[in-house]
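For reference, query-v1.cif is printed below; it contains mmCIF, C-alpha atoms.
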data_data
loop_
_atom_site.group_PDB
_atom_site.id
_atom_site.type_symbol
_atom_site.label_atom_id
_atom_site.label_comp_id
_atom_site.auth_asym_id
_atom_site.auth_seq_id
_atom_site.Cartn_x
_atom_site.Cartn_y
_atom_site.Cartn_z
ATOM 1 C CA ILE A 1 -48.447 -46.285 14.470
ATOM 2 C CA GLY A 2 -45.205 -45.488 16.261
ATOM 3 C CA VAL A 3 -44.184 -49.120 16.671
ATOM 4 C CA MET A 4 -45.015 -50.261 13.150
ATOM 5 C CA GLY A 5 -44.194 -47.218 11.048
ATOM 6 C CA GLY A 6 -41.809 -45.160 13.110
ATOM 7 C CA GLN A 7 -42.532 -41.802 14.651
ATOM 8 C CA GLN A 8 -42.121 -39.761 11.448
ATOM 9 C CA ILE A 9 -44.562 -41.736 9.293
ATOM 10 C CA ALA A 10 -48.254 -40.905 9.604
ATOM 11 C CA SER A 11 -50.986 -43.003 8.040
ATOM 12 C CA ILE A 12 -54.103 -41.511 6.516
ATOM 13 C CA GLY A 13 -56.164 -42.985 9.341
ATOM 14 C CA LYS A 14 -54.038 -41.211 11.928
ATOM 15 C CA ILE A 15 -54.306 -37.932 10.016
ATOM 16 C CA ILE A 16 -58.104 -38.241 9.942
ATOM 17 C CA GLN A 17 -58.158 -39.053 13.658
ATOM 18 C CA VAL A 18 -56.028 -36.000 14.489
ATOM 19 C CA GLN A 19 -58.285 -33.760 12.418
ATOM 20 C CA MET A 20 -61.322 -35.130 14.241
ATOM 21 C CA SER A 21 -59.681 -34.436 17.602
ATOM 22 C CA TYR A 22 -59.030 -30.819 16.528
ATOM 23 C CA LEU A 23 -62.716 -30.556 15.519
ATOM 24 C CA GLN A 24 -61.858 -30.088 11.840
ATOM 25 C CA PHE A 25 -64.832 -32.144 10.727
ATOM 26 C CA PRO A 26 -65.091 -30.966 7.084
ATOM 27 C CA ALA A 27 -61.449 -31.770 6.315
ATOM 28 C CA ALA A 28 -61.650 -35.112 8.122
ATOM 29 C CA ALA A 29 -64.865 -36.020 6.324
ATOM 30 C CA ALA A 30 -63.401 -35.104 2.936
ATOM 31 C CA GLN A 31 -60.320 -37.217 3.545
ATOM 32 C CA ALA A 32 -62.462 -40.106 4.775
ATOM 33 C CA VAL A 33 -64.530 -39.977 1.580
ATOM 34 C CA VAL A 34 -61.356 -39.933 -0.538
ATOM 35 C CA LEU A 35 -59.997 -42.895 1.430
ATOM 36 C CA LEU A 36 -63.270 -44.777 0.954
ATOM 37 C CA GLY A 37 -63.146 -44.085 -2.781
ATOM 38 C CA LEU A 38 -59.589 -45.383 -3.032
ATOM 39 C CA VAL A 39 -60.475 -48.543 -1.124
ATOM 40 C CA LEU A 40 -63.478 -49.160 -3.367
ATOM 41 C CA LEU A 41 -61.308 -48.659 -6.465
ATOM 42 C CA VAL A 42 -58.769 -51.177 -5.185
ATOM 43 C CA ILE A 43 -61.526 -53.693 -4.423
ATOM 44 C CA ALA A 44 -63.076 -53.172 -7.865
ATOM 45 C CA ALA A 45 -59.702 -53.645 -9.560
ATOM 46 C CA MET A 46 -59.021 -56.801 -7.581
ATOM 47 C CA THR A 47 -62.399 -58.297 -8.453
ATOM 48 C CA LYS A 48 -61.720 -57.598 -12.139
ATOM 49 C CA LEU A 49 -58.307 -59.276 -11.976
ATOM 50 C CA ILE A 50 -59.227 -62.232 -9.775
ATOM 51 C CA ASP A 51 -62.173 -64.487 -10.586
ATOM 52 C CA ILE A 52 -63.526 -65.266 -7.130
ATOM 53 C CA ARG A 53 -65.887 -68.000 -8.336
ATOM 54 C CA ARG A 54 -62.995 -69.882 -9.900
ATOM 55 C CA GLU A 55 -60.824 -69.475 -6.789
ATOM 56 C CA LEU A 56 -63.499 -70.976 -4.537
#
So that I can check it, write out the structure of this file as structure tokens.
Amino acid sequence: IGVMGGQQIASIGKIIQVQMSYLQFPAAAAQAVVLLGLVLLVIAAMTKLIDIRREL
């Protein structure tokens, strides 16, 4: 994280990891579910825009 994004920039994965290390499991779990939802939305949008069968 520090090498790629600088020391001031935190990614959502790092935030979840820090919350897990502080034993804040409910907050970490909620953020993980939100992150999963966002990833699934991005994948769904990409599959709507790009016809995979045609690309292969």
Check your understanding: How many Å lie between atom CA of Ala45 of chain A and atom CA of Val33 of chain A, rounded to one decimal?
Key -> 18.3 Å
Point to revise | Between atom CA of Ala30 of chain A and atom CA of Ser11 of chain A, distance in Å (one decimal) | key: 15.6 Å
Exercise for review: Report the distance between atom CA of Ala32 of chain A and atom CA of Gln19 of chain A in Å, rounded to one decimal place.
Suggested key: 10.8 Å
Padded axis-aligned box of segment 25-36 of chain A (6 Å per side), centre and edge lengths, Å, one decimal, as AutoDock Vina command-line options:
--center_x -62.5 --center_y -37.9 --center_z 5.1 --size_x 17.1 --size_y 25.8 --size_z 23.3
Would you kindly return, as a tab-separated table (two decimals) with C-alpha atoms, keeping the file's coordinate frame, each protein, DNA or RNA residue with an atom no farther than 10 Å from any atom of Gln31 of chain A, considering all atoms listed in the file and excluding same-chain residues fewer than 5 positions away?
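The file below, result-v1.tsv, is the result:
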chain	number	residue	atom	x	y	z
A	12	ILE	CA	-54.10	-41.51	6.52
A	13	GLY	CA	-56.16	-42.98	9.34
A	15	ILE	CA	-54.31	-37.93	10.02
A	16	ILE	CA	-58.10	-38.24	9.94
A	19	GLN	CA	-58.28	-33.76	12.42
A	25	PHE	CA	-64.83	-32.14	10.73
A	26	PRO	CA	-65.09	-30.97	7.08
A	36	LEU	CA	-63.27	-44.78	0.95
A	37	GLY	CA	-63.15	-44.08	-2.78
Save chain A of the structure in the block above to a file, with C-alpha atoms included, as a PDB file, in the first residue's frame.
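So decode.pdb came out as:
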ATOM      1  CA  ILE A   1       0.000   0.000   0.000  1.00  0.00           C
ATOM      2  CA  GLY A   2       2.716   2.467   0.947  1.00  0.00           C
ATOM      3  CA  VAL A   3       4.776   1.865  -2.184  1.00  0.00           C
ATOM      4  CA  MET A   4       1.916   1.952  -4.674  1.00  0.00           C
ATOM      5  CA  GLY A   5      -0.443   4.512  -3.181  1.00  0.00           C
ATOM      6  CA  GLY A   6       1.655   6.611  -0.863  1.00  0.00           C
ATOM      7  CA  GLN A   7       1.412   6.690   2.894  1.00  0.00           C
ATOM      8  CA  GLN A   8      -1.692   8.909   3.078  1.00  0.00           C
ATOM      9  CA  ILE A   9      -3.919   6.826   0.799  1.00  0.00           C
ATOM     10  CA  ALA A  10      -5.700   3.840   2.327  1.00  0.00           C
ATOM     11  CA  SER A  11      -7.544   1.255   0.272  1.00  0.00           C
ATOM     12  CA  ILE A  12     -10.768  -0.353   1.407  1.00  0.00           C
ATOM     13  CA  GLY A  13      -8.946  -3.655   1.832  1.00  0.00           C
ATOM     14  CA  LYS A  14      -6.448  -2.067   4.197  1.00  0.00           C
ATOM     15  CA  ILE A  15      -9.249  -0.425   6.181  1.00  0.00           C
ATOM     16  CA  ILE A  16     -11.002  -3.788   6.563  1.00  0.00           C
ATOM     17  CA  GLN A  17      -7.734  -5.425   7.616  1.00  0.00           C
ATOM     18  CA  VAL A  18      -7.097  -2.752  10.262  1.00  0.00           C
ATOM     19  CA  GLN A  19     -10.614  -3.152  11.631  1.00  0.00           C
ATOM     20  CA  MET A  20     -10.102  -6.910  11.851  1.00  0.00           C
ATOM     21  CA  SER A  21      -6.836  -6.406  13.733  1.00  0.00           C
ATOM     22  CA  TYR A  22      -8.639  -4.139  16.238  1.00  0.00           C
ATOM     23  CA  LEU A  23     -11.292  -6.870  16.655  1.00  0.00           C
ATOM     24  CA  GLN A  24     -14.032  -4.679  15.176  1.00  0.00           C
ATOM     25  CA  PHE A  25     -15.639  -7.614  13.412  1.00  0.00           C
ATOM     26  CA  PRO A  26     -19.121  -6.137  12.765  1.00  0.00           C
ATOM     27  CA  ALA A  27     -17.746  -3.026  11.053  1.00  0.00           C
ATOM     28  CA  ALA A  28     -15.230  -5.059   9.050  1.00  0.00           C
ATOM     29  CA  ALA A  29     -17.899  -7.541   7.999  1.00  0.00           C
ATOM     30  CA  ALA A  30     -20.270  -4.764   6.935  1.00  0.00           C
ATOM     31  CA  GLN A  31     -17.593  -3.098   4.841  1.00  0.00           C
ATOM     32  CA  ALA A  32     -16.619  -6.437   3.308  1.00  0.00           C
ATOM     33  CA  VAL A  33     -20.235  -7.063   2.290  1.00  0.00           C
ATOM     34  CA  VAL A  34     -20.466  -3.574   0.762  1.00  0.00           C
ATOM     35  CA  LEU A  35     -17.210  -4.178  -1.118  1.00  0.00           C
ATOM     36  CA  LEU A  36     -18.502  -7.529  -2.379  1.00  0.00           C
ATOM     37  CA  GLY A  37     -21.712  -5.868  -3.558  1.00  0.00           C
ATOM     38  CA  LEU A  38     -19.786  -3.193  -5.438  1.00  0.00           C
ATOM     39  CA  VAL A  39     -17.575  -5.785  -7.113  1.00  0.00           C
ATOM     40  CA  LEU A  40     -20.606  -7.822  -8.159  1.00  0.00           C
ATOM     41  CA  LEU A  41     -22.264  -4.689  -9.572  1.00  0.00           C
ATOM     42  CA  VAL A  42     -19.160  -3.873 -11.604  1.00  0.00           C
ATOM     43  CA  ILE A  43     -18.985  -7.443 -12.924  1.00  0.00           C
ATOM     44  CA  ALA A  44     -22.691  -7.391 -13.812  1.00  0.00           C
ATOM     45  CA  ALA A  45     -22.307  -4.067 -15.625  1.00  0.00           C
ATOM     46  CA  MET A  46     -19.298  -5.332 -17.545  1.00  0.00           C
ATOM     47  CA  THR A  47     -21.092  -8.493 -18.639  1.00  0.00           C
ATOM     48  CA  LYS A  48     -24.001  -6.369 -19.889  1.00  0.00           C
ATOM     49  CA  LEU A  49     -21.678  -4.101 -21.877  1.00  0.00           C
ATOM     50  CA  ILE A  50     -19.315  -6.749 -23.232  1.00  0.00           C
ATOM     51  CA  ASP A  51     -20.596  -9.838 -25.031  1.00  0.00           C
ATOM     52  CA  ILE A  52     -18.165 -12.493 -23.837  1.00  0.00           C
ATOM     53  CA  ARG A  53     -19.325 -15.118 -26.341  1.00  0.00           C
ATOM     54  CA  ARG A  54     -18.580 -12.774 -29.223  1.00  0.00           C
ATOM     55  CA  GLU A  55     -15.167 -11.833 -27.800  1.00  0.00           C
ATOM     56  CA  LEU A  56     -14.092 -15.476 -27.558  1.00  0.00           C
TER      57      LEU A  56
END
